[in-house]
Amino acid sequence: AILLSFILYALVQSGSAGCPCTVENGKLTCQENTITNFPEDLHASGCSIDYASVWGLVIENQPITLLKANSFVDFPNLMQIAMSFNKIERVEKFAFEGMTGVRTLFLKDNNLTLIEEGALDSLVNLQHLDLRNNPLLDSYTTNAWHFCENAAEYELDVDSPTFFKDFKKSPDTTSYCGTKSDSPLEECSRKDDGIIDCTSVGDLSSAPCYFQRENFTSIFINFPKDSQPTTVENYYEGESNAFFQEFNSQAGSMNHAQYMKELTLYETKYDLTRMNSLTSERTELVTIKADTVYLSSPVTVNHKVRIQARVVSLDHPITMNISKQAFVQTQDLETYAFKEEYYYIGKVLMRERSYGLVSILQRVDAVPELSTTDVCYPKVSKVEDTNKDVTEWYDITMINLHYVCGMTVMKTKMNSGLVDDIGKYILGFVYDRDTVGSQGTFIAAQKFNRLLELNKLNSVHNVPTYSIETVKSLANLMYDKMNNYKANELAQENALSRATGRAVDMQRDFETINLQQEMYFSLELTQLEAMWAAQNNTWYFDFEHRNAIEDQISSSMDAIQNQMFEMQEQELTLALDEAIKSQAHIDALIGKYEAQIQRLNDLVKSSVDVQTQLMQRLKDNTNNMDHEFEKFKQAIEDWKHAQEVKAVFAIFKAVLSFGIGLATGNPEDLDISDVIGDIQEIFELLMELVEIIESCQDIQDMINDLDIDNLADINLSMSTNFKDSLQTMVKLKLKGSDFDELERTATVKIDAMNQATNFEISGADDAMMACLSVSDVGHQMISEASDFADVLLQLSEESDNLAVAQEDREKTQQQIENINRELEELRQMREQFMKDREKAKEEYEKQIEDMKNNYEEITEEMRAEYKEKITKSFENFKSTFGALSQSYNGQMSRLISSIHQKFYGLKEHSMNQRAMILSLYIDYCDADFYNSFKKCEDQNLPYMSDSIDTLLGKLIEIQWESVVSNENIPGTPIEFSGTFEVDSLNTEILYGGKKNFIVETLKNTSEVDINLKDLDTENRFDDFWRIRLESLSLILLDSDGFPLQSQGTSFGQEIQIRIRYPTVFNDIDNKKNSNSFLAQNFACNSDYITRGSDIEWKSSCQVDEEFSQKNYKPAADGVFSFKIENPETIAITDLNKVSVMFAGTRIRNQVKNEMIIEN
């Protein structure tokens, strides 16, 4: 028998016959190339292994490619795993599940590409890790705080890939703590009341196991302050105006806040020290959504705090008072684990931190460089590559509040950089519609495009495109409807404020019930303890307290019932009636704004048509220039080494390349690398041309993607590239001067070339004329593209206002109905509460009564039986009441939150109203500046955050007629007229520093672009300011100055000249400052017939009335386009001169001794 046992033992230890694996001294090894599937191949026939006896695995030089989940569960006592020199490519997440005893893991010299997230976390005892020579394995992400603790303690990161942390609640914390001995932190101090103070400890993560076993009531720890706090900017009225100060209030009061379990605060700039005045023992969570959050002095919190802001600046730590239960028993992440992650979302990088009671989400510029002592690094991800739900990050109330803040700060003119930062952050953050989730929230963010434009381009002024009667009608309607709406909203606010008061009273009544019930339990317990201690059978126990307590509870319940009835019958009924009334006022405004949006739709469609025509014209002109350039290249063959010739060649090639690049939409076609050295002085200008090509192509892509028939939904269909293009085009509004500089440079270079070559090179003028044609169209395309972008921004903003107004209309009534629903649920819960409480109470008291009736004959055995039953029913009564109380309190909190949410709904309505009203102010200011060069005075232009009364009061004070009156102009406009005659034979005259190719271009292409100010060779325009052209015409002449003859004198036989006004022009004010104006497309015909030398006008390009559709009177300093629409009917080859006639008004500049009138 002994011999048999020995043989069996030897077989187990060495492996059965045919088994490639053996166990020797507790270490299992296998022959090379025998294990393909682990651990299945260990169970092959012929192997009989005592897995419990194995403490070490050495399985190397095997064709194993995968360590799958639960690979080692058969080895309960495993301490070492050596699986190097295999072909393992992947380790699944639960491969080492249950391996809490493993101290050594060798996986070097494999083909590892992935160790799944959290796969090593269950190795809570790991002290040695070798992952060397796995070149495709660059990182490992842990989900457990204790993995990083082990990694730091045992230097597991040495010769390992980078460790990233994405902490979640660890199922292995208890196992990990079982491996650690008690190690209290000496820096923590213990107080007599069971409190442990660890606020002086910088890193608490090394001692959580100790605290799990310690007996304490609460612990104080610090959320760390910033090592380099961010400078907190001044928001001026953007933080001090009452609108922002009272945004979270109910009719100016914050009393409701202390009765809410979860409180959300919307702020622009918020000091965390203010928070404690709004919280109470009821508070469980405070969420702060702001642009900037800072901490001016130390603060202590005993509830959760969630912060979301663009800027968070902590000059001091946040002290957290955490109960032991909250500290050691968490549903999500361990309280003592410091979680930190970075997310690329849209065009911004967000940092998310959580520790203890505090979590912070903020924008950062970059992932900071970490200390060399760090072992686990924060995980950096793109949101779209994760399963993270970030929809709660997006809040329409927060976005609208930031918009009001941005508009307010912009108006102060004190911190334009802050406005820029806010706008860019929101647009970058609310970037992708699918990520945002909420359609309304995505739409609301798009108006920040307009904010950035208004903030950046204060040197560009819009020319009004509406009739005075239209905008005046809208202003009056808005004043009337908004006044009525305001009255309705005020009535709702008052009703809701009273409803909140009732809900608070109900909360207090219920707290009275809780106190009375606690007193009941306390007195009952005293009597029960006396009963259990009694030594005789005499009943002397007093339960008379029940009646008084029950009367008090019943009275409080009746009071709650009455408050519910009154709230529903009075406040909520009134609020609902007023909400229905306000819908009618919203409907009237919606109708008007739909008309405004239709006007902008028409402008967009018109601009698309113009850009399509310009693109075709550019292609034609580029093809022509390509032809002329080839001829020029041949002409300069003998002179190509002369520097002057090389410079002209370089400029021509640059313009040609620009035209090709613009026509094809490919900036790479601007290939001038071989000639750039010859025109180094305009290198920066040429680089700007590359930017222009890219931006114009973006606009063309936008046009191609536009659903031209559904422009009202532009914000919904706006792609991320679309938004980027709009923002880029804002920067191009004043780039047109680049072309003038390019043309002037070309003129100078050609003159230098002609002098150097003694005028022996032919074809230069033809090439120059072609060059100017390309350049002029490029100039127009920039103006038109930027104009198009501006209209789209306005359309986007107005569409947002309309969409929000429509959404407000639906929400107005729905929010009141939500409150009613919450109230009805509370009523039902109250009834159920009373029933369930009474049932548990009766069951308990019945047991007491039964014991009382049998007390005289009670035996010790019966006493013990009653004690067990009564104690059970007593505890059941207490737990039932506790659960009912918690549920009822939760519903009460939801009711108060629902009422408060309606207050936020009213605030959201208010912000939309403000945007509507302020857009009229902007229209007025643009019109007034266009008419008189007067800027809106600060005292007259309101802040967006001013009270509705102030906004409406200033709105009704606007004198709309003044923007078309001469009375407010600091000078008297005088009518004038003039004529410029351009002779193609007079090549000595430079127009605007450029050679004269106007007539030749018109002759060859039937179209020419002219800046009228360039034709003023005697600079007469410089003697005047506020030059406004009312009429414009062009006459075609031969070399003798005789008019080219029309085909006839009948209808349709006239010479047809189409004139398009500039969309960007410059005008001088009375201080001789140049001001740029941005206008919409306007074109008209100036057609005539001829009878010999006589000219009879059949149509005139004349503006009689401004502010009517797109009519406007431009200044002379802008690019006007003249096009012969029927050149085939004219002897165009005889064209040698043109006569440009114009008329309008102007004001003479004052002489030196005269006082210049101030704006």
# chains A, B, ... in the order shown; residues from 1 in each chain; ligands from 1
>>> select_by_dssp(residues="stretch 990-1139 of chain A", states="helix (DSSP H, G or I)", output="PDB file with all heavy atoms, in the first residue's frame")
ATOM      1  N   ILE A 998      -8.475  99.803 -68.300  1.00  0.00           N
ATOM      2  CA  ILE A 998      -9.924  99.751 -68.103  1.00  0.00           C
ATOM      3  C   ILE A 998     -10.650  99.527 -69.418  1.00  0.00           C
ATOM      4  O   ILE A 998     -11.495  98.625 -69.552  1.00  0.00           O
ATOM      5  CB  ILE A 998     -10.409 101.034 -67.418  1.00  0.00           C
ATOM      6  CG1 ILE A 998      -9.841 101.107 -65.982  1.00  0.00           C
ATOM      7  CG2 ILE A 998     -11.925 101.111 -67.406  1.00  0.00           C
ATOM      8  CD1 ILE A 998     -10.144 102.395 -65.268  1.00  0.00           C
ATOM      9  N   VAL A 999     -10.337 100.330 -70.415  1.00  0.00           N
ATOM     10  CA  VAL A 999     -11.053 100.237 -71.695  1.00  0.00           C
ATOM     11  C   VAL A 999     -10.736  98.923 -72.395  1.00  0.00           C
ATOM     12  O   VAL A 999     -11.632  98.250 -72.924  1.00  0.00           O
ATOM     13  CB  VAL A 999     -10.698 101.440 -72.592  1.00  0.00           C
ATOM     14  CG1 VAL A 999     -11.382 101.302 -73.959  1.00  0.00           C
ATOM     15  CG2 VAL A 999     -11.110 102.740 -71.933  1.00  0.00           C
ATOM     16  N   GLU A1000      -9.458  98.529 -72.403  1.00  0.00           N
ATOM     17  CA  GLU A1000      -9.087  97.279 -73.072  1.00  0.00           C
ATOM     18  C   GLU A1000      -9.785  96.083 -72.430  1.00  0.00           C
ATOM     19  O   GLU A1000     -10.237  95.167 -73.131  1.00  0.00           O
ATOM     20  CB  GLU A1000      -7.567  97.078 -73.017  1.00  0.00           C
ATOM     21  CG  GLU A1000      -6.779  97.975 -73.959  1.00  0.00           C
ATOM     22  CD  GLU A1000      -6.546  99.357 -73.375  1.00  0.00           C
ATOM     23  OE1 GLU A1000      -7.175  99.650 -72.326  1.00  0.00           O
ATOM     24  OE2 GLU A1000      -5.781 100.130 -73.948  1.00  0.00           O
ATOM     25  N   THR A1001      -9.863  96.087 -71.094  1.00  0.00           N
ATOM     26  CA  THR A1001     -10.540  94.984 -70.403  1.00  0.00           C
ATOM     27  C   THR A1001     -12.015  94.939 -70.770  1.00  0.00           C
ATOM     28  O   THR A1001     -12.579  93.864 -71.030  1.00  0.00           O
ATOM     29  CB  THR A1001     -10.377  95.129 -68.884  1.00  0.00           C
ATOM     30  OG1 THR A1001      -8.994  95.140 -68.552  1.00  0.00           O
ATOM     31  CG2 THR A1001     -11.047  93.991 -68.139  1.00  0.00           C
ATOM     32  N   LEU A1002     -12.640  96.092 -70.805  1.00  0.00           N
ATOM     33  CA  LEU A1002     -14.061  96.152 -71.159  1.00  0.00           C
ATOM     34  C   LEU A1002     -14.271  95.710 -72.600  1.00  0.00           C
ATOM     35  O   LEU A1002     -15.237  95.002 -72.915  1.00  0.00           O
ATOM     36  CB  LEU A1002     -14.579  97.571 -70.940  1.00  0.00           C
ATOM     37  CG  LEU A1002     -16.091  97.789 -71.078  1.00  0.00           C
ATOM     38  CD1 LEU A1002     -16.850  96.954 -70.044  1.00  0.00           C
ATOM     39  CD2 LEU A1002     -16.447  99.264 -70.901  1.00  0.00           C
ATOM     40  N   LYS A1003     -13.356  96.102 -73.457  1.00  0.00           N
ATOM     41  CA  LYS A1003     -13.470  95.736 -74.867  1.00  0.00           C
ATOM     42  C   LYS A1003     -13.325  94.225 -75.044  1.00  0.00           C
ATOM     43  O   LYS A1003     -14.049  93.605 -75.829  1.00  0.00           O
ATOM     44  CB  LYS A1003     -12.401  96.470 -75.681  1.00  0.00           C
ATOM     45  CG  LYS A1003     -12.463  96.174 -77.190  1.00  0.00           C
ATOM     46  CD  LYS A1003     -11.245  96.714 -77.921  1.00  0.00           C
ATOM     47  CE  LYS A1003     -11.182  98.237 -77.849  1.00  0.00           C
ATOM     48  NZ  LYS A1003     -10.079  98.776 -78.701  1.00  0.00           N
ATOM     49  N   ASN A1004     -12.387  93.639 -74.327  1.00  0.00           N
ATOM     50  CA  ASN A1004     -12.087  92.219 -74.528  1.00  0.00           C
ATOM     51  C   ASN A1004     -13.036  91.286 -73.789  1.00  0.00           C
ATOM     52  O   ASN A1004     -13.286  90.159 -74.228  1.00  0.00           O
ATOM     53  CB  ASN A1004     -10.657  91.916 -74.084  1.00  0.00           C
ATOM     54  CG  ASN A1004      -9.625  92.592 -74.982  1.00  0.00           C
ATOM     55  OD1 ASN A1004      -9.907  92.893 -76.141  1.00  0.00           O
ATOM     56  ND2 ASN A1004      -8.439  92.833 -74.446  1.00  0.00           N
ATOM     57  N   THR A1005     -13.516  91.711 -72.623  1.00  0.00           N
ATOM     58  CA  THR A1005     -14.322  90.806 -71.793  1.00  0.00           C
ATOM     59  C   THR A1005     -15.747  91.296 -71.569  1.00  0.00           C
ATOM     60  O   THR A1005     -16.543  90.593 -70.945  1.00  0.00           O
ATOM     61  CB  THR A1005     -13.660  90.613 -70.419  1.00  0.00           C
ATOM     62  OG1 THR A1005     -13.686  91.860 -69.710  1.00  0.00           O
ATOM     63  CG2 THR A1005     -12.223  90.145 -70.557  1.00  0.00           C
ATOM     64  N   LEU A1012     -13.957 103.936 -58.252  1.00  0.00           N
ATOM     65  CA  LEU A1012     -14.129 105.312 -58.735  1.00  0.00           C
ATOM     66  C   LEU A1012     -13.134 106.270 -58.109  1.00  0.00           C
ATOM     67  O   LEU A1012     -12.738 107.264 -58.719  1.00  0.00           O
ATOM     68  CB  LEU A1012     -15.559 105.784 -58.468  1.00  0.00           C
ATOM     69  CG  LEU A1012     -16.673 105.046 -59.235  1.00  0.00           C
ATOM     70  CD1 LEU A1012     -18.006 105.732 -59.011  1.00  0.00           C
ATOM     71  CD2 LEU A1012     -16.363 104.977 -60.718  1.00  0.00           C
ATOM     72  N   LYS A1013     -12.706 105.978 -56.906  1.00  0.00           N
ATOM     73  CA  LYS A1013     -11.739 106.866 -56.267  1.00  0.00           C
ATOM     74  C   LYS A1013     -10.400 106.827 -57.006  1.00  0.00           C
ATOM     75  O   LYS A1013      -9.660 107.817 -57.055  1.00  0.00           O
ATOM     76  CB  LYS A1013     -11.537 106.485 -54.801  1.00  0.00           C
ATOM     77  CG  LYS A1013     -10.782 107.524 -53.982  1.00  0.00           C
ATOM     78  CD  LYS A1013     -10.768 107.165 -52.517  1.00  0.00           C
ATOM     79  CE  LYS A1013     -10.149 108.283 -51.691  1.00  0.00           C
ATOM     80  NZ  LYS A1013      -8.756 108.590 -52.075  1.00  0.00           N
ATOM     81  N   ASP A1014     -10.083 105.671 -57.629  1.00  0.00           N
ATOM     82  CA  ASP A1014      -8.847 105.584 -58.403  1.00  0.00           C
ATOM     83  C   ASP A1014      -8.884 106.503 -59.623  1.00  0.00           C
ATOM     84  O   ASP A1014      -7.831 106.962 -60.093  1.00  0.00           O
ATOM     85  CB  ASP A1014      -8.621 104.138 -58.869  1.00  0.00           C
ATOM     86  CG  ASP A1014      -8.259 103.219 -57.709  1.00  0.00           C
ATOM     87  OD1 ASP A1014      -7.936 103.734 -56.615  1.00  0.00           O
ATOM     88  OD2 ASP A1014      -8.317 101.988 -57.892  1.00  0.00           O
ATOM     89  N   LEU A1015     -10.095 106.767 -60.159  1.00  0.00           N
ATOM     90  CA  LEU A1015     -10.205 107.633 -61.330  1.00  0.00           C
ATOM     91  C   LEU A1015     -10.021 109.102 -60.979  1.00  0.00           C
ATOM     92  O   LEU A1015      -9.841 109.934 -61.859  1.00  0.00           O
ATOM     93  CB  LEU A1015     -11.573 107.443 -61.994  1.00  0.00           C
ATOM     94  CG  LEU A1015     -11.915 106.009 -62.456  1.00  0.00           C
ATOM     95  CD1 LEU A1015     -13.252 106.012 -63.185  1.00  0.00           C
ATOM     96  CD2 LEU A1015     -10.817 105.439 -63.336  1.00  0.00           C
ATOM     97  N   ARG A1020      -9.759 115.145 -55.885  1.00  0.00           N
ATOM     98  CA  ARG A1020     -10.807 116.070 -55.462  1.00  0.00           C
ATOM     99  C   ARG A1020     -11.700 115.443 -54.388  1.00  0.00           C
ATOM    100  O   ARG A1020     -12.246 116.137 -53.538  1.00  0.00           O
ATOM    101  CB  ARG A1020     -11.660 116.477 -56.668  1.00  0.00           C
ATOM    102  CG  ARG A1020     -10.915 117.309 -57.700  1.00  0.00           C
ATOM    103  CD  ARG A1020     -10.590 118.687 -57.158  1.00  0.00           C
ATOM    104  NE  ARG A1020     -11.819 119.451 -56.911  1.00  0.00           N
ATOM    105  CZ  ARG A1020     -11.899 120.497 -56.110  1.00  0.00           C
ATOM    106  NH1 ARG A1020     -10.827 120.884 -55.438  1.00  0.00           N
ATOM    107  NH2 ARG A1020     -13.041 121.142 -55.959  1.00  0.00           N
ATOM    108  N   PHE A1021     -11.819 114.096 -54.447  1.00  0.00           N
ATOM    109  CA  PHE A1021     -12.647 113.431 -53.424  1.00  0.00           C
ATOM    110  C   PHE A1021     -12.095 113.646 -52.025  1.00  0.00           C
ATOM    111  O   PHE A1021     -12.825 113.592 -51.034  1.00  0.00           O
ATOM    112  CB  PHE A1021     -12.736 111.925 -53.699  1.00  0.00           C
ATOM    113  CG  PHE A1021     -13.723 111.562 -54.775  1.00  0.00           C
ATOM    114  CD1 PHE A1021     -13.446 110.529 -55.662  1.00  0.00           C
ATOM    115  CD2 PHE A1021     -14.926 112.241 -54.889  1.00  0.00           C
ATOM    116  CE1 PHE A1021     -14.360 110.185 -56.643  1.00  0.00           C
ATOM    117  CE2 PHE A1021     -15.841 111.904 -55.881  1.00  0.00           C
ATOM    118  CZ  PHE A1021     -15.562 110.876 -56.764  1.00  0.00           C
ATOM    119  N   ASP A1022     -10.783 113.899 -51.919  1.00  0.00           N
ATOM    120  CA  ASP A1022     -10.159 114.040 -50.607  1.00  0.00           C
ATOM    121  C   ASP A1022     -10.580 115.319 -49.896  1.00  0.00           C
ATOM    122  O   ASP A1022     -10.324 115.481 -48.691  1.00  0.00           O
ATOM    123  CB  ASP A1022      -8.626 114.023 -50.741  1.00  0.00           C
ATOM    124  CG  ASP A1022      -8.129 112.651 -51.168  1.00  0.00           C
ATOM    125  OD1 ASP A1022      -8.905 111.692 -51.052  1.00  0.00           O
ATOM    126  OD2 ASP A1022      -6.977 112.551 -51.627  1.00  0.00           O
ATOM    127  N   ASP A1023     -11.206 116.227 -50.612  1.00  0.00           N
ATOM    128  CA  ASP A1023     -11.656 117.481 -49.990  1.00  0.00           C
ATOM    129  C   ASP A1023     -13.026 117.344 -49.334  1.00  0.00           C
ATOM    130  O   ASP A1023     -13.554 118.323 -48.786  1.00  0.00           O
ATOM    131  CB  ASP A1023     -11.719 118.605 -51.047  1.00  0.00           C
ATOM    132  CG  ASP A1023     -10.341 118.943 -51.605  1.00  0.00           C
ATOM    133  OD1 ASP A1023      -9.356 118.727 -50.878  1.00  0.00           O
ATOM    134  OD2 ASP A1023     -10.261 119.396 -52.756  1.00  0.00           O
ATOM    135  N   PRO A1127     -22.921  93.013 -75.934  1.00  0.00           N
ATOM    136  CA  PRO A1127     -21.800  93.525 -76.731  1.00  0.00           C
ATOM    137  C   PRO A1127     -21.892  93.157 -78.208  1.00  0.00           C
ATOM    138  O   PRO A1127     -21.323  93.837 -79.073  1.00  0.00           O
ATOM    139  CB  PRO A1127     -20.583  92.872 -76.075  1.00  0.00           C
ATOM    140  CG  PRO A1127     -21.113  91.635 -75.428  1.00  0.00           C
ATOM    141  CD  PRO A1127     -22.480  92.007 -74.947  1.00  0.00           C
ATOM    142  N   GLU A1128     -22.635  92.089 -78.501  1.00  0.00           N
ATOM    143  CA  GLU A1128     -22.735  91.658 -79.899  1.00  0.00           C
ATOM    144  C   GLU A1128     -23.506  92.645 -80.774  1.00  0.00           C
ATOM    145  O   GLU A1128     -23.428  92.593 -82.010  1.00  0.00           O
ATOM    146  CB  GLU A1128     -23.381  90.263 -79.951  1.00  0.00           C
ATOM    147  CG  GLU A1128     -24.868  90.212 -79.615  1.00  0.00           C
ATOM    148  CD  GLU A1128     -25.140  90.290 -78.108  1.00  0.00           C
ATOM    149  OE1 GLU A1128     -24.158  90.289 -77.343  1.00  0.00           O
ATOM    150  OE2 GLU A1128     -26.317  90.360 -77.726  1.00  0.00           O
ATOM    151  N   THR A1129     -24.236  93.555 -80.174  1.00  0.00           N
ATOM    152  CA  THR A1129     -25.028  94.527 -80.944  1.00  0.00           C
ATOM    153  C   THR A1129     -24.281  95.840 -81.132  1.00  0.00           C
ATOM    154  O   THR A1129     -24.838  96.786 -81.698  1.00  0.00           O
ATOM    155  CB  THR A1129     -26.365  94.803 -80.236  1.00  0.00           C
ATOM    156  OG1 THR A1129     -26.103  95.489 -79.001  1.00  0.00           O
ATOM    157  CG2 THR A1129     -27.115  93.509 -79.954  1.00  0.00           C
ATOM    158  N   ILE A1132     -17.970  97.027 -80.910  1.00  0.00           N
ATOM    159  CA  ILE A1132     -17.126  97.051 -79.715  1.00  0.00           C
ATOM    160  C   ILE A1132     -15.661  97.277 -80.045  1.00  0.00           C
ATOM    161  O   ILE A1132     -14.886  97.797 -79.239  1.00  0.00           O
ATOM    162  CB  ILE A1132     -17.311  95.742 -78.916  1.00  0.00           C
ATOM    163  CG1 ILE A1132     -16.790  95.913 -77.479  1.00  0.00           C
ATOM    164  CG2 ILE A1132     -16.648  94.579 -79.625  1.00  0.00           C
ATOM    165  CD1 ILE A1132     -17.634  96.819 -76.644  1.00  0.00           C
ATOM    166  N   THR A1133     -15.266  96.920 -81.302  1.00  0.00           N
ATOM    167  CA  THR A1133     -13.853  97.124 -81.657  1.00  0.00           C
ATOM    168  C   THR A1133     -13.502  98.605 -81.753  1.00  0.00           C
ATOM    169  O   THR A1133     -12.320  98.966 -81.724  1.00  0.00           O
ATOM    170  CB  THR A1133     -13.538  96.424 -82.989  1.00  0.00           C
ATOM    171  OG1 THR A1133     -14.447  96.918 -84.000  1.00  0.00           O
ATOM    172  CG2 THR A1133     -13.678  94.912 -82.844  1.00  0.00           C
ATOM    173  N   ASP A1134     -14.515  99.466 -81.897  1.00  0.00           N
ATOM    174  CA  ASP A1134     -14.261 100.907 -81.981  1.00  0.00           C
ATOM    175  C   ASP A1134     -14.142 101.552 -80.602  1.00  0.00           C
ATOM    176  O   ASP A1134     -13.888 102.750 -80.486  1.00  0.00           O
ATOM    177  CB  ASP A1134     -15.405 101.603 -82.747  1.00  0.00           C
ATOM    178  CG  ASP A1134     -15.447 101.184 -84.214  1.00  0.00           C
ATOM    179  OD1 ASP A1134     -14.387 100.757 -84.718  1.00  0.00           O
ATOM    180  OD2 ASP A1134     -16.530 101.260 -84.820  1.00  0.00           O
TER     181      ASP A1134
END
>>> residues_around(residues="A:Gly1041", least_positions_apart="5", cutoff="12 Å", atoms="only C-alpha atoms", output="MDAnalysis selection string")
chainID A and resid 981:985 1035:1036 1093 1134:1139
>>> residues_around(residues="A:Arg1091", least_positions_apart="5", cutoff="8 Å", atoms="only C-alpha atoms", output="list in words")
Gln1045, Thr1049 and Glu1096 of chain A
>>> residues_around(residues="A:Glu831", least_positions_apart="3", cutoff="12 Å", atoms="only C-alpha atoms", output="short mmCIF file (atom, residue, chain, number, x, y, z; two decimals) with N, CA, C and O atoms, in the first residue's frame")
data_model
loop_
_atom_site.label_atom_id
_atom_site.label_comp_id
_atom_site.auth_asym_id
_atom_site.auth_seq_id
_atom_site.Cartn_x
_atom_site.Cartn_y
_atom_site.Cartn_z
N MET A 557 -50.23 66.54 8.55
CA MET A 557 -50.64 65.96 7.28
C MET A 557 -51.81 66.72 6.66
O MET A 557 -51.87 66.93 5.45
N ASP A 558 -52.73 67.15 7.50
CA ASP A 558 -53.84 67.97 7.01
C ASP A 558 -53.32 69.29 6.43
O ASP A 558 -53.82 69.78 5.40
N ILE A 560 -50.43 69.80 5.08
CA ILE A 560 -49.81 69.51 3.78
C ILE A 560 -50.88 69.35 2.71
O ILE A 560 -50.76 69.86 1.59
N GLN A 561 -51.96 68.64 3.09
CA GLN A 561 -53.06 68.44 2.14
C GLN A 561 -53.66 69.78 1.71
O GLN A 561 -53.93 70.00 0.52
N GLU A 824 -49.34 66.01 -8.19
CA GLU A 824 -50.29 64.90 -8.12
C GLU A 824 -49.59 63.64 -7.61
O GLU A 824 -50.16 62.88 -6.82
N GLU A 825 -48.36 63.40 -8.06
CA GLU A 825 -47.61 62.25 -7.56
C GLU A 825 -47.34 62.38 -6.07
O GLU A 825 -47.38 61.39 -5.33
N LEU A 826 -47.10 63.61 -5.61
CA LEU A 826 -46.88 63.83 -4.19
C LEU A 826 -48.17 63.55 -3.41
O LEU A 826 -48.14 62.97 -2.32
N ARG A 827 -49.31 63.96 -3.99
CA ARG A 827 -50.59 63.71 -3.32
C ARG A 827 -50.83 62.20 -3.17
O ARG A 827 -51.22 61.73 -2.11
N GLN A 828 -50.57 61.46 -4.26
CA GLN A 828 -50.76 60.02 -4.19
C GLN A 828 -49.78 59.38 -3.21
O GLN A 828 -50.13 58.45 -2.48
N MET A 834 -49.53 57.51 4.33
CA MET A 834 -50.40 57.39 5.51
C MET A 834 -50.88 55.95 5.67
O MET A 834 -50.93 55.42 6.79
N LYS A 835 -51.25 55.31 4.56
CA LYS A 835 -51.73 53.93 4.62
C LYS A 835 -50.64 52.98 5.13
O LYS A 835 -50.86 52.18 6.04
N ASP A 836 -49.45 53.08 4.51
CA ASP A 836 -48.37 52.16 4.87
C ASP A 836 -47.88 52.42 6.30
O ASP A 836 -47.56 51.48 7.03
N ARG A 837 -47.84 53.69 6.69
CA ARG A 837 -47.43 54.02 8.06
C ARG A 837 -48.43 53.45 9.06
O ARG A 837 -48.06 52.86 10.08
N GLU A 838 -49.70 53.65 8.75
CA GLU A 838 -50.74 53.19 9.67
C GLU A 838 -50.73 51.67 9.79
O GLU A 838 -50.91 51.11 10.88
N LEU A 884 -40.48 55.23 3.84
CA LEU A 884 -41.55 56.10 3.38
C LEU A 884 -41.14 57.57 3.45
O LEU A 884 -41.41 58.37 2.55
N TYR A 888 -40.88 60.07 0.35
CA TYR A 888 -41.73 61.28 0.35
C TYR A 888 -40.86 62.53 0.25
O TYR A 888 -41.19 63.47 -0.47
#
>>> closest_residue(among="A:Phe1122, A:Thr65, A:Thr142, A:Ala366", to="A:Lys93", atoms="only C-alpha atoms")
A:Thr142
>>> select_by_dssp(residues="stretch 245-280 of chain A", states="strand (DSSP E)", output="PyMOL selection string")
chain A and resi 262-266+269-271
>>> write_last_selection(atoms="N, CA, C and O atoms", output="tab-separated table (two decimals), in the first residue's frame")
chain	number	residue	atom	x	y	z
A	262	GLU	N	-30.80	68.69	-4.52
A	262	GLU	CA	-29.84	68.94	-5.60
A	262	GLU	C	-30.07	70.35	-6.14
A	262	GLU	O	-31.16	70.67	-6.61
A	263	LEU	N	-29.05	71.16	-6.06
A	263	LEU	CA	-29.14	72.57	-6.43
A	263	LEU	C	-28.21	72.84	-7.60
A	263	LEU	O	-27.03	72.48	-7.56
A	264	THR	N	-28.74	73.46	-8.66
A	264	THR	CA	-27.91	73.86	-9.80
A	264	THR	C	-27.82	75.38	-9.84
A	264	THR	O	-28.84	76.06	-9.74
A	265	LEU	N	-26.61	75.88	-9.98
A	265	LEU	CA	-26.37	77.33	-10.05
A	265	LEU	C	-25.76	77.66	-11.40
A	265	LEU	O	-24.73	77.10	-11.80
A	266	TYR	N	-26.40	78.58	-12.11
A	266	TYR	CA	-25.87	79.09	-13.38
A	266	TYR	C	-25.24	80.44	-13.12
A	266	TYR	O	-25.89	81.36	-12.62
A	269	LYS	N	-19.38	84.31	-13.44
A	269	LYS	CA	-18.14	84.23	-12.65
A	269	LYS	C	-18.56	83.97	-11.22
A	269	LYS	O	-19.34	84.74	-10.65
A	270	TYR	N	-18.05	82.91	-10.63
A	270	TYR	CA	-18.58	82.47	-9.33
A	270	TYR	C	-17.46	82.18	-8.35
A	270	TYR	O	-16.52	81.46	-8.65
A	271	ASP	N	-17.62	82.76	-7.15
A	271	ASP	CA	-16.71	82.51	-6.05
A	271	ASP	C	-17.31	81.40	-5.19
A	271	ASP	O	-18.42	81.55	-4.65
